[in-house]
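Right, one structure below, let's go through it.
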Amino acid sequence: MSTGMTIHTAATSVTDAAPLVAFFLVVSATLLLCLMFGADSEGVDDLYVAGRSGRPWRNALAMTGDTITISLLLSCTGLVSVAGYDGTALAMGSIGAYVVLQVLARPLRNTGRFTLGDTLAARFGDRSVRTAAAVVCLVVCVPLSVVQLTAAGGATAAMLGLSGTAPAQLCTVFIGGMMVCAAALTGMRGNTMLQVVKTFTVFVCMGLLVILLLRSTGWSPVRLLSDSIDGNADPAGYFAPGQLYGTDLAGRLNLLSVQVTVVLGSAVVPHMIMRVKTAEHGGAARRSVVLATGMVSVFALMAVTLGLGAAARSGAQPQGQFDLQSSTAMLSLVQDLVAGPAGDLLTALVVSTVFLISLTVVAALALSAAAALVHDIYVSGLRRGRVLPAAEVKAMRWATPVVGTLAVLLSVLAQNWRIQFLAQFAVSVSASAVLPSLVYALFWRKCTKAGLLWTMYAGLACCVVLQTFGPTVSGRPGALFPSADFAWFPLATTGLVTVPVAFAAGWIASVRTARSRRPNDAARYAAVAARSLLDRPEEARVP
């Protein structure tokens with residue numbers, strides 16, 4: 001009798017420790033991959049664009065991995081569980097981003113070498129353009145990294161059964177340290193392989209959860225929809241617009257602004273631009289995006305399904321109370337679907353998936369930010385290109401840990417703050433500064449250098465001002481400063497206003513400075529336009 005109880009207790013202890021064991025196994029495997037691919041990442045091309053060796057399927061898997069962030073996973077499931085219609089509409093925004101990227105993929109791959117600054121400098125070879133591109137890149141990458149690390153630390157601690165601020169901060173530091181190692185050691189080639197592994201892991205994990213969820217409903221999607229309606233705080237309005245932002249004009253504009261911002265901004269975040277440039281040639285880049293569109297669509301469908309399951313089985317938070325950093329919809333669903341040892345093993349798989357998601361995405365963001373500092377500001381700006389490739393690689397090895405450490409420190413300090421609005425701000429800057437500048441540089445012959453600079457800085461400044469005086473910073477319970485109220489801008493996401501402002505600023509500045517065009521501007525545009533149409537690798541080499 002006592003022997004049986006001892007065996008049972010030991011088995012229970014082993015299964016309870018399964019999430020922690022799986023977590024450290026994944027950490028060990030990740031370190032091994034970093035060391036394996038680190039030795040092959042000594043060249044500049046390897047470091048920035050994986051030697052331009054990305055085949056369409058592999059690149060598509062890596063692109064999908066770049067898109068699947070911890071905030072996207074938590075927000076998709078959490079928002080759908082809280083606000084069925086609005087959450088589903090926002091989850092579909094990641095698919096719309098790939099429609100935009102399909103238009104830009106070929107010219108992005110064929111114009112410029114590595115970074116956003118390279119792409120814009122191909123049209124206007126000026127240090128001020130590179131500096132502006134680097135500033136915008138840093139403003140996008142650092143806030144996104146902080147949000148990802150903070151959310152990942154909290155989610156990992158919760159899934160390991162730990163509560164409180166200190167465990168979340170420790171998980172954030174641990175994940176951040178691993179991210180620094182991954183980014184500094186492997187470069188883009190190693191990050192590509194990590195993204196491929198992560199994409200497979202995410203699809204296996206989410207696919208298993210969807211199967212278990214549908215099995216619990218008798219394989220009836222109709223029953224799942226019915227149960228999700230019954231489990232919501234407002235069953236009558238669950239599949240009606242307005243649960244997230246309200247049904248008045250301001251609420252509808254808020255939802256539209258979020259959708260516009262996500263679609264336009266997610267397509268051209270800096271690490272996605274570098275990912276496109278890893279393709280073998282322009283045609284391969286576009287095929288990669290087409291394949292990734294299908295993969296992201298499957299991810300969005302699974303995320304919506306799990307969000308419905310979370311609403312059906314675990315209930316939902318009241319309207320307007322969704323908080324990314326404390327969202328437990330995914331964890332609650334995992335614990336509710338399977339109990340006992342099998343549930344512990346499933347939790348272990350989810351913990352490993354969350355770790356891989358946060359590690360790979362933040363490593364890509366750190367690599368993009370470091371590339372902007374080293375390649376655009378130091379090598380091409382301060383040194384005017386007079387830097388040996390080995391010296392540039394060495395500078396990147398130092399810059400990446402610096403950027404990563406900064407992101408980790410900010411994440412630890414912000415652990416208890418409501419900073420999810422920083423993700424909205426970063427994507428708004430991408431939509432308002434990066435996208436218009438790319439459109440003008442790649443497709444508008446009459447754009448001038450002043451027009452391009454006005455596009456980026458006007459879009460950035462407008463985002464900073466409107467976000468600061470918007471409802472996400474003050475004026476409501478879920479804001480950064482809930483007790484203060486200096487908000488006068490009604491929209492939580494600024495893209496609906498800032499994107500047109502950026503386009504207008506660039507157009508006005510280009511028209512007013514038309515006489516300042518240099519003699520070689522027309523030739524540069526003709527070269528960019530010709531390269532953007534090329535498909536074959538031997539034709540699309542970038543000087």
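Residue numbers start at 1 in each chain; chains themselves are named A, B, ... in the order of the structure tokens; ligands are numbered from 1 in the order shown.
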
Can you tell me which residues surround range 136-146 of chain A at a distance of at most 8 Å, considering only C-alpha atoms, apart from same-chain residues fewer than 4 positions away, and format the answer as a ChimeraX atom specification? /A:116,132,150,269-270,362,365-366,368-369,372,407-408,410-411,422-423,426-427,429-430,433-434,456,460

All residues 12 Å or closer to Thr405 in chain A, only C-alpha atoms, same chain fewer than 4 positions away omitted, as a PyMOL selection string: chain A and resi 142+145-146+149+172-181+183-184+362-363+366+370+398-401+409-412

With N, CA and C atoms retained, export the selected residues as a PDB file, in the first residue's frame.
ATOM      1  N   VAL A 142      12.746  48.916 -30.505  1.00  0.00           N
ATOM      2  CA  VAL A 142      12.930  48.889 -29.045  1.00  0.00           C
ATOM      3  C   VAL A 142      11.594  48.744 -28.307  1.00  0.00           C
ATOM      4  N   SER A 145      10.330  45.220 -28.719  1.00  0.00           N
ATOM      5  CA  SER A 145      11.105  44.266 -27.922  1.00  0.00           C
ATOM      6  C   SER A 145      10.678  44.297 -26.463  1.00  0.00           C
ATOM      7  N   VAL A 146      10.458  45.488 -25.933  1.00  0.00           N
ATOM      8  CA  VAL A 146      10.058  45.619 -24.524  1.00  0.00           C
ATOM      9  C   VAL A 146       8.710  44.943 -24.290  1.00  0.00           C
ATOM     10  N   LEU A 149       9.137  41.055 -24.527  1.00  0.00           N
ATOM     11  CA  LEU A 149       9.821  40.475 -23.367  1.00  0.00           C
ATOM     12  C   LEU A 149       8.945  40.518 -22.116  1.00  0.00           C
ATOM     13  N   THR A 172      11.728  37.129 -17.519  1.00  0.00           N
ATOM     14  CA  THR A 172      12.055  38.130 -18.533  1.00  0.00           C
ATOM     15  C   THR A 172      13.562  38.232 -18.722  1.00  0.00           C
ATOM     16  N   VAL A 173      14.301  38.283 -17.623  1.00  0.00           N
ATOM     17  CA  VAL A 173      15.756  38.370 -17.713  1.00  0.00           C
ATOM     18  C   VAL A 173      16.334  37.127 -18.376  1.00  0.00           C
ATOM     19  N   PHE A 174      15.816  35.960 -18.020  1.00  0.00           N
ATOM     20  CA  PHE A 174      16.324  34.717 -18.594  1.00  0.00           C
ATOM     21  C   PHE A 174      16.072  34.660 -20.103  1.00  0.00           C
ATOM     22  N   ILE A 175      14.834  34.969 -20.495  1.00  0.00           N
ATOM     23  CA  ILE A 175      14.507  34.961 -21.917  1.00  0.00           C
ATOM     24  C   ILE A 175      15.323  36.018 -22.658  1.00  0.00           C
ATOM     25  N   GLY A 176      15.490  37.196 -22.034  1.00  0.00           N
ATOM     26  CA  GLY A 176      16.293  38.243 -22.644  1.00  0.00           C
ATOM     27  C   GLY A 176      17.743  37.839 -22.815  1.00  0.00           C
ATOM     28  N   GLY A 177      18.305  37.154 -21.809  1.00  0.00           N
ATOM     29  CA  GLY A 177      19.676  36.689 -21.937  1.00  0.00           C
ATOM     30  C   GLY A 177      19.842  35.688 -23.057  1.00  0.00           C
ATOM     31  N   MET A 178      18.891  34.780 -23.181  1.00  0.00           N
ATOM     32  CA  MET A 178      18.919  33.828 -24.290  1.00  0.00           C
ATOM     33  C   MET A 178      18.779  34.537 -25.626  1.00  0.00           C
ATOM     34  N   MET A 179      17.940  35.564 -25.653  1.00  0.00           N
ATOM     35  CA  MET A 179      17.763  36.331 -26.886  1.00  0.00           C
ATOM     36  C   MET A 179      19.067  36.996 -27.308  1.00  0.00           C
ATOM     37  N   VAL A 180      19.791  37.578 -26.338  1.00  0.00           N
ATOM     38  CA  VAL A 180      21.058  38.229 -26.647  1.00  0.00           C
ATOM     39  C   VAL A 180      22.045  37.222 -27.232  1.00  0.00           C
ATOM     40  N   CYS A 181      22.097  36.034 -26.644  1.00  0.00           N
ATOM     41  CA  CYS A 181      22.989  34.993 -27.167  1.00  0.00           C
ATOM     42  C   CYS A 181      22.590  34.595 -28.590  1.00  0.00           C
ATOM     43  N   ALA A 183      20.864  36.274 -30.864  1.00  0.00           N
ATOM     44  CA  ALA A 183      21.065  37.337 -31.852  1.00  0.00           C
ATOM     45  C   ALA A 183      22.545  37.583 -32.116  1.00  0.00           C
ATOM     46  N   ALA A 184      23.352  37.588 -31.048  1.00  0.00           N
ATOM     47  CA  ALA A 184      24.769  37.912 -31.210  1.00  0.00           C
ATOM     48  C   ALA A 184      25.551  36.777 -31.856  1.00  0.00           C
ATOM     49  N   VAL A 362      12.222  38.529 -30.546  1.00  0.00           N
ATOM     50  CA  VAL A 362      13.024  39.588 -29.941  1.00  0.00           C
ATOM     51  C   VAL A 362      14.460  39.548 -30.477  1.00  0.00           C
ATOM     52  N   ALA A 363      14.972  38.361 -30.777  1.00  0.00           N
ATOM     53  CA  ALA A 363      16.301  38.269 -31.381  1.00  0.00           C
ATOM     54  C   ALA A 363      16.311  38.944 -32.750  1.00  0.00           C
ATOM     55  N   ALA A 366      16.237  42.709 -32.153  1.00  0.00           N
ATOM     56  CA  ALA A 366      17.542  43.192 -31.700  1.00  0.00           C
ATOM     57  C   ALA A 366      18.532  43.240 -32.856  1.00  0.00           C
ATOM     58  N   ALA A 370      20.312  46.671 -34.109  1.00  0.00           N
ATOM     59  CA  ALA A 370      21.770  46.746 -34.156  1.00  0.00           C
ATOM     60  C   ALA A 370      22.260  47.031 -35.569  1.00  0.00           C
ATOM     61  N   TRP A 398      29.108  43.374 -30.941  1.00  0.00           N
ATOM     62  CA  TRP A 398      29.051  44.202 -29.741  1.00  0.00           C
ATOM     63  C   TRP A 398      27.727  44.963 -29.650  1.00  0.00           C
ATOM     64  N   ALA A 399      27.238  45.456 -30.764  1.00  0.00           N
ATOM     65  CA  ALA A 399      26.028  46.287 -30.740  1.00  0.00           C
ATOM     66  C   ALA A 399      24.787  45.483 -30.377  1.00  0.00           C
ATOM     67  N   THR A 400      24.717  44.245 -30.851  1.00  0.00           N
ATOM     68  CA  THR A 400      23.526  43.435 -30.583  1.00  0.00           C
ATOM     69  C   THR A 400      23.306  43.185 -29.095  1.00  0.00           C
ATOM     70  N   PRO A 401      24.337  42.773 -28.329  1.00  0.00           N
ATOM     71  CA  PRO A 401      24.113  42.635 -26.873  1.00  0.00           C
ATOM     72  C   PRO A 401      23.749  43.939 -26.189  1.00  0.00           C
ATOM     73  N   LEU A 409      16.494  45.462 -19.693  1.00  0.00           N
ATOM     74  CA  LEU A 409      16.390  46.358 -18.536  1.00  0.00           C
ATOM     75  C   LEU A 409      15.069  47.126 -18.546  1.00  0.00           C
ATOM     76  N   LEU A 410      14.699  47.653 -19.697  1.00  0.00           N
ATOM     77  CA  LEU A 410      13.433  48.382 -19.801  1.00  0.00           C
ATOM     78  C   LEU A 410      12.246  47.458 -19.517  1.00  0.00           C
ATOM     79  N   SER A 411      12.346  46.208 -19.965  1.00  0.00           N
ATOM     80  CA  SER A 411      11.262  45.257 -19.750  1.00  0.00           C
ATOM     81  C   SER A 411      11.094  44.929 -18.269  1.00  0.00           C
ATOM     82  N   VAL A 412      12.212  44.758 -17.572  1.00  0.00           N
ATOM     83  CA  VAL A 412      12.145  44.463 -16.141  1.00  0.00           C
ATOM     84  C   VAL A 412      11.527  45.633 -15.380  1.00  0.00           C
TER      85      VAL A 412
END

Please list as a VMD selection string every residue within 12 Å of Asn191 in chain A, counting only C-alpha atoms and excluding residues in the same chain fewer than 5 positions away. chain A and resid 30 33 to 38 41 46 to 50 58 to 59 61 to 63 65 to 66 179 to 186 196 to 198 271 274 to 275 278 356 to 357 359 to 368

Residues near range 493-496 of chain A, anyone? I mean within 8 Å using only C-alpha atoms, not counting same-chain ones fewer than 3 positions away, as a PyMOL selection string. chain A and resi 254+256-258+260-261+424-425+428+431-432+463+466-467+499-500

Given the selection you just returned, output its residues as a file containing all heavy atoms, formatted as a compact mmCIF listing (two decimals), in the first residue's frame.
# COMPACT_ATOMS: atom_id res chain seq x y z
N ASN A 254 -12.11 53.80 -33.92
CA ASN A 254 -11.04 53.11 -33.20
C ASN A 254 -10.75 51.76 -33.82
O ASN A 254 -9.59 51.40 -34.06
CB ASN A 254 -11.42 52.95 -31.73
CG ASN A 254 -10.67 53.91 -30.82
OD1 ASN A 254 -9.45 53.99 -30.88
ND2 ASN A 254 -11.41 54.62 -29.99
N LEU A 256 -11.50 50.73 -36.86
CA LEU A 256 -10.96 50.93 -38.20
C LEU A 256 -9.50 51.35 -38.15
O LEU A 256 -8.67 50.88 -38.94
CB LEU A 256 -11.79 51.98 -38.94
CG LEU A 256 -11.32 52.35 -40.36
CD1 LEU A 256 -11.35 51.12 -41.27
CD2 LEU A 256 -12.17 53.48 -40.93
N SER A 257 -9.16 52.22 -37.21
CA SER A 257 -7.78 52.69 -37.09
C SER A 257 -6.84 51.55 -36.72
O SER A 257 -5.73 51.45 -37.27
CB SER A 257 -7.70 53.80 -36.04
OG SER A 257 -6.40 54.33 -35.97
N VAL A 258 -7.27 50.69 -35.81
CA VAL A 258 -6.43 49.54 -35.45
C VAL A 258 -6.21 48.63 -36.65
O VAL A 258 -5.09 48.18 -36.91
CB VAL A 258 -7.07 48.76 -34.28
CG1 VAL A 258 -6.29 47.48 -34.01
CG2 VAL A 258 -7.13 49.61 -33.03
N VAL A 260 -6.39 49.36 -39.91
CA VAL A 260 -5.53 50.02 -40.90
C VAL A 260 -4.08 50.00 -40.45
O VAL A 260 -3.16 49.70 -41.23
CB VAL A 260 -6.01 51.47 -41.13
CG1 VAL A 260 -4.98 52.26 -41.93
CG2 VAL A 260 -7.35 51.47 -41.86
N THR A 261 -3.86 50.29 -39.18
CA THR A 261 -2.49 50.35 -38.66
C THR A 261 -1.82 48.98 -38.71
O THR A 261 -0.66 48.86 -39.12
CB THR A 261 -2.50 50.87 -37.22
OG1 THR A 261 -3.13 52.15 -37.18
CG2 THR A 261 -1.08 51.00 -36.69
N GLN A 424 1.20 49.08 -30.12
CA GLN A 424 0.38 49.86 -31.05
C GLN A 424 1.16 51.05 -31.58
O GLN A 424 1.09 51.37 -32.77
CB GLN A 424 -0.90 50.32 -30.34
CG GLN A 424 -1.76 49.20 -29.79
CD GLN A 424 -2.86 49.71 -28.89
OE1 GLN A 424 -2.85 50.85 -28.42
NE2 GLN A 424 -3.84 48.85 -28.62
N PHE A 425 1.91 51.71 -30.70
CA PHE A 425 2.70 52.86 -31.11
C PHE A 425 3.76 52.45 -32.13
O PHE A 425 3.95 53.13 -33.16
CB PHE A 425 3.37 53.49 -29.89
CG PHE A 425 4.44 54.48 -30.22
CD1 PHE A 425 4.13 55.73 -30.73
CD2 PHE A 425 5.78 54.16 -30.02
CE1 PHE A 425 5.12 56.64 -31.04
CE2 PHE A 425 6.78 55.06 -30.33
CZ PHE A 425 6.45 56.31 -30.84
N SER A 428 2.23 51.71 -35.42
CA SER A 428 1.77 52.98 -36.01
C SER A 428 2.94 53.72 -36.67
O SER A 428 2.79 54.28 -37.76
CB SER A 428 1.13 53.86 -34.94
OG SER A 428 -0.04 53.28 -34.42
N ALA A 431 3.71 52.00 -39.88
CA ALA A 431 2.73 52.32 -40.93
C ALA A 431 2.84 53.75 -41.40
O ALA A 431 2.59 54.05 -42.58
CB ALA A 431 1.32 52.06 -40.40
N SER A 432 3.23 54.67 -40.50
CA SER A 432 3.20 56.10 -40.81
C SER A 432 4.53 56.64 -41.33
O SER A 432 4.53 57.67 -42.01
CB SER A 432 2.80 56.89 -39.56
OG SER A 432 1.59 56.40 -39.02
N CYS A 463 2.89 60.47 -34.69
CA CYS A 463 2.60 59.29 -33.86
C CYS A 463 2.92 59.57 -32.39
O CYS A 463 2.15 59.21 -31.49
CB CYS A 463 3.41 58.10 -34.35
SG CYS A 463 2.80 57.35 -35.87
N LEU A 466 0.24 62.21 -30.92
CA LEU A 466 -1.13 61.70 -30.79
C LEU A 466 -1.21 60.52 -29.81
O LEU A 466 -2.20 60.39 -29.08
CB LEU A 466 -1.67 61.30 -32.16
CG LEU A 466 -1.85 62.44 -33.17
CD1 LEU A 466 -2.53 61.94 -34.43
CD2 LEU A 466 -2.65 63.59 -32.57
N GLN A 467 -0.17 59.67 -29.80
CA GLN A 467 -0.20 58.56 -28.84
C GLN A 467 -0.06 59.07 -27.41
O GLN A 467 -0.70 58.56 -26.48
CB GLN A 467 0.94 57.58 -29.15
CG GLN A 467 0.79 56.23 -28.49
CD GLN A 467 -0.23 55.35 -29.20
OE1 GLN A 467 -0.10 55.08 -30.39
NE2 GLN A 467 -1.23 54.88 -28.47
N VAL A 499 -0.98 58.11 -40.95
CA VAL A 499 -0.58 57.65 -42.29
C VAL A 499 -0.90 58.69 -43.35
O VAL A 499 -0.02 59.06 -44.16
CB VAL A 499 -1.23 56.29 -42.61
CG1 VAL A 499 -0.95 55.90 -44.07
CG2 VAL A 499 -0.70 55.21 -41.68
N PRO A 500 -2.13 59.24 -43.42
CA PRO A 500 -2.38 60.31 -44.39
C PRO A 500 -1.51 61.55 -44.15
O PRO A 500 -1.08 62.20 -45.12
CB PRO A 500 -3.87 60.64 -44.18
CG PRO A 500 -4.45 59.42 -43.57
CD PRO A 500 -3.36 58.84 -42.73

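CA of Asp521 in chain A lies 8.8 Å from CA of Arg445 in chain A.
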
Report, in Å to a single decimal, how far apart CA of Asp45 in chain A and CA of Arg384 in chain A are. 18.5 Å

Give me, as a list in words, all polymer residues having an atom no more than 10 Å from Pro389 in chain A, counting only C-alpha atoms and skipping those fewer than 2 positions away in the same chain. Glu42, Gly43, Val44, Asp45, Val379, Gly385, Arg386, Val387, Ala391, Glu392, Val393, Lys394 and Ala395 of chain A

Could you check the closest approach to Leu225 in chain A for each of A:Gly161, A:Ser266, A:Gln259, A:Gly307 and tell me which residue wins, using only C-alpha atoms?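 Smallest separation from Leu225 in chain A among the options: A:Gly307.
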